[in-house]
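Engineer: First, the structure itself, so that you have it in front of you.
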Amino acid sequence: MSAAPLSSAGLDARRRRLLFRARRRGVHELDLVMGAFADANLPAMSAAELDEFERLLEAPDPELLAWIVGEAPAPAAFDTPLLARLRAAPAAALRDAAQT
């Protein structure tokens, strides 16, 4: 995960909108996880990944958080490689922090 927040300068309008939505979910834990994931991954996402990320951002906060932390299985439509990367991101960030 990125150490510094991603600047919206230089991003296209869709990526700027997704970055804003990822950082302001309404549930603080999701703000942190989704925002950090967007900071690290948004610029390099393909159009298909942007579509998937946008769909995840439309999911209700309690359900999305449960899918990410593994408290509930994600429905098949949401259980994608992007969600798998999102699930792994907090663990990877903790491992990186522990090594420094």
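All residue names refer to the structure tokens as shown: chains lettered A, B, ... in order, residues numbered from 1 in each chain, ligands numbered from 1 in order.
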Can you pull out every residue within 8 Å of segment 54-62 of chain A, counting only C-alpha atoms, but drop anything in the same chain fewer than 3 positions away, and send it as a count of residues only?
Structural biologist: 12
Engineer: What is the distance between atom CA of Leu6 of chain A and atom CA of Ala72 of chain A, in Å to one decimal?
Structural biologist: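 The value is 29.7 Å.
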Engineer: Tell me, in Å to one decimal, how far atom CA of Ala47 of chain A is from atom CA of Leu19 of chain A.
Structural biologist: 14.7 Å
Engineer: Could you find all residues in segment 5-100 of chain A that DSSP calls alpha helix (DSSP H) from the backbone, and write them as number ranges by chain?
Structural biologist: A: 13-23, 28-41, 47-58, 61-69, 81-99
Engineer: Would you mind listing what lies within 12 Å of Ser7 of chain A as a JSON list (two decimals) with all heavy atoms, in the first residue's frame, with only C-alpha atoms counted and same-chain residues fewer than 5 positions away left out?
Structural biologist:
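Below is the file that was written, out_9.json:
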```
[["chain", "number", "residue", "atom", "x", "y", "z"],
["A", 2, "SER", "N", 0.37, 2.29, -0.52],
["A", 2, "SER", "CA", 1.11, 3.52, -0.68],
["A", 2, "SER", "C", 1.31, 4.21, 0.67],
["A", 2, "SER", "O", 0.42, 4.25, 1.50],
["A", 2, "SER", "CB", 0.33, 4.43, -1.63],
["A", 2, "SER", "OG", 0.93, 5.69, -1.70],
["A", 12, "ASP", "N", -7.84, 11.18, -14.37],
["A", 12, "ASP", "CA", -9.02, 11.52, -15.16],
["A", 12, "ASP", "C", -10.22, 11.65, -14.22],
["A", 12, "ASP", "O", -10.16, 11.29, -13.04],
["A", 12, "ASP", "CB", -9.27, 10.46, -16.24],
["A", 12, "ASP", "CG", -9.50, 9.08, -15.66],
["A", 12, "ASP", "OD1", -10.56, 8.85, -15.05],
["A", 12, "ASP", "OD2", -8.61, 8.20, -15.82],
["A", 15, "ARG", "N", -11.43, 8.46, -12.28],
["A", 15, "ARG", "CA", -10.54, 8.05, -11.19],
["A", 15, "ARG", "C", -10.60, 9.04, -10.03],
["A", 15, "ARG", "O", -10.55, 8.63, -8.87],
["A", 15, "ARG", "CB", -9.11, 7.90, -11.71],
["A", 15, "ARG", "CG", -8.89, 6.62, -12.48],
["A", 15, "ARG", "CD", -7.45, 6.51, -12.99],
["A", 15, "ARG", "NE", -7.18, 5.20, -13.52],
["A", 15, "ARG", "CZ", -7.52, 4.79, -14.73],
["A", 15, "ARG", "NH1", -8.17, 5.60, -15.56],
["A", 15, "ARG", "NH2", -7.22, 3.57, -15.14],
["A", 16, "ARG", "N", -10.73, 10.34, -10.29],
["A", 16, "ARG", "CA", -10.89, 11.32, -9.21],
["A", 16, "ARG", "C", -12.15, 11.04, -8.40],
["A", 16, "ARG", "O", -12.14, 11.09, -7.17],
["A", 16, "ARG", "CB", -10.93, 12.75, -9.77],
["A", 16, "ARG", "CG", -9.59, 13.30, -10.15],
["A", 16, "ARG", "CD", -9.63, 14.81, -10.37],
["A", 16, "ARG", "NE", -10.66, 15.25, -11.31],
["A", 16, "ARG", "CZ", -10.47, 15.38, -12.62],
["A", 16, "ARG", "NH1", -9.30, 15.10, -13.15],
["A", 16, "ARG", "NH2", -11.45, 15.79, -13.38],
["A", 19, "LEU", "N", -11.64, 7.88, -6.32],
["A", 19, "LEU", "CA", -10.74, 8.15, -5.21],
["A", 19, "LEU", "C", -11.50, 8.85, -4.08],
["A", 19, "LEU", "O", -11.39, 8.47, -2.91],
["A", 19, "LEU", "CB", -9.56, 9.01, -5.68],
["A", 19, "LEU", "CG", -8.52, 9.37, -4.64],
["A", 19, "LEU", "CD1", -7.84, 8.12, -4.08],
["A", 19, "LEU", "CD2", -7.48, 10.32, -5.25],
["A", 20, "PHE", "N", -12.30, 9.84, -4.42],
["A", 20, "PHE", "CA", -13.10, 10.55, -3.43],
["A", 20, "PHE", "C", -14.06, 9.59, -2.72],
["A", 20, "PHE", "O", -14.14, 9.57, -1.48],
["A", 20, "PHE", "CB", -13.89, 11.68, -4.10],
["A", 20, "PHE", "CG", -14.75, 12.46, -3.15],
["A", 20, "PHE", "CD1", -14.21, 13.49, -2.41],
["A", 20, "PHE", "CD2", -16.09, 12.15, -2.98],
["A", 20, "PHE", "CE1", -15.00, 14.21, -1.51],
["A", 20, "PHE", "CE2", -16.88, 12.85, -2.10],
["A", 20, "PHE", "CZ", -16.33, 13.89, -1.36],
["A", 35, "GLY", "N", -9.57, 3.71, 0.90],
["A", 35, "GLY", "CA", -8.77, 4.85, 0.50],
["A", 35, "GLY", "C", -7.32, 4.46, 0.23],
["A", 35, "GLY", "O", -6.73, 4.86, -0.78],
["A", 38, "ALA", "N", -7.14, 2.45, -2.95],
["A", 38, "ALA", "CA", -7.26, 3.33, -4.12],
["A", 38, "ALA", "C", -5.96, 4.10, -4.34],
["A", 38, "ALA", "O", -5.51, 4.22, -5.48],
["A", 38, "ALA", "CB", -8.43, 4.29, -3.94],
["A", 39, "ASP", "N", -5.36, 4.59, -3.27],
["A", 39, "ASP", "CA", -4.09, 5.32, -3.39],
["A", 39, "ASP", "C", -3.04, 4.46, -4.10],
["A", 39, "ASP", "O", -2.31, 4.94, -4.96],
["A", 39, "ASP", "CB", -3.55, 5.72, -2.01],
["A", 39, "ASP", "CG", -4.33, 6.84, -1.35],
["A", 39, "ASP", "OD1", -5.11, 7.53, -2.05],
["A", 39, "ASP", "OD2", -4.15, 7.02, -0.14],
["A", 40, "ALA", "N", -2.98, 3.19, -3.73],
["A", 40, "ALA", "CA", -1.94, 2.30, -4.26],
["A", 40, "ALA", "C", -2.26, 1.74, -5.63],
["A", 40, "ALA", "O", -1.35, 1.41, -6.38],
["A", 40, "ALA", "CB", -1.71, 1.15, -3.27],
["A", 42, "LEU", "N", -5.34, 2.65, -7.89],
["A", 42, "LEU", "CA", -6.24, 3.32, -8.83],
["A", 42, "LEU", "C", -5.58, 3.77, -10.13],
["A", 42, "LEU", "O", -6.13, 3.54, -11.22],
["A", 42, "LEU", "CB", -6.92, 4.50, -8.13],
["A", 42, "LEU", "CG", -8.18, 5.04, -8.76],
["A", 42, "LEU", "CD1", -9.25, 3.98, -8.89],
["A", 42, "LEU", "CD2", -8.71, 6.20, -7.94],
["A", 43, "PRO", "N", -4.40, 4.38, -10.09],
["A", 43, "PRO", "CA", -3.82, 4.86, -11.36],
["A", 43, "PRO", "C", -3.56, 3.76, -12.38],
["A", 43, "PRO", "O", -3.66, 4.00, -13.58],
["A", 43, "PRO", "CB", -2.49, 5.51, -10.93],
["A", 43, "PRO", "CG", -2.71, 5.88, -9.50],
["A", 43, "PRO", "CD", -3.59, 4.79, -8.94]]
```
Engineer: Provide the atom CA of His28 of chain A to atom CA of Ala89 of chain A distance in Å, to one decimal place.
Structural biologist: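 Straight-line distance from atom CA of His28 of chain A to atom CA of Ala89 of chain A works out to 16.3 Å.
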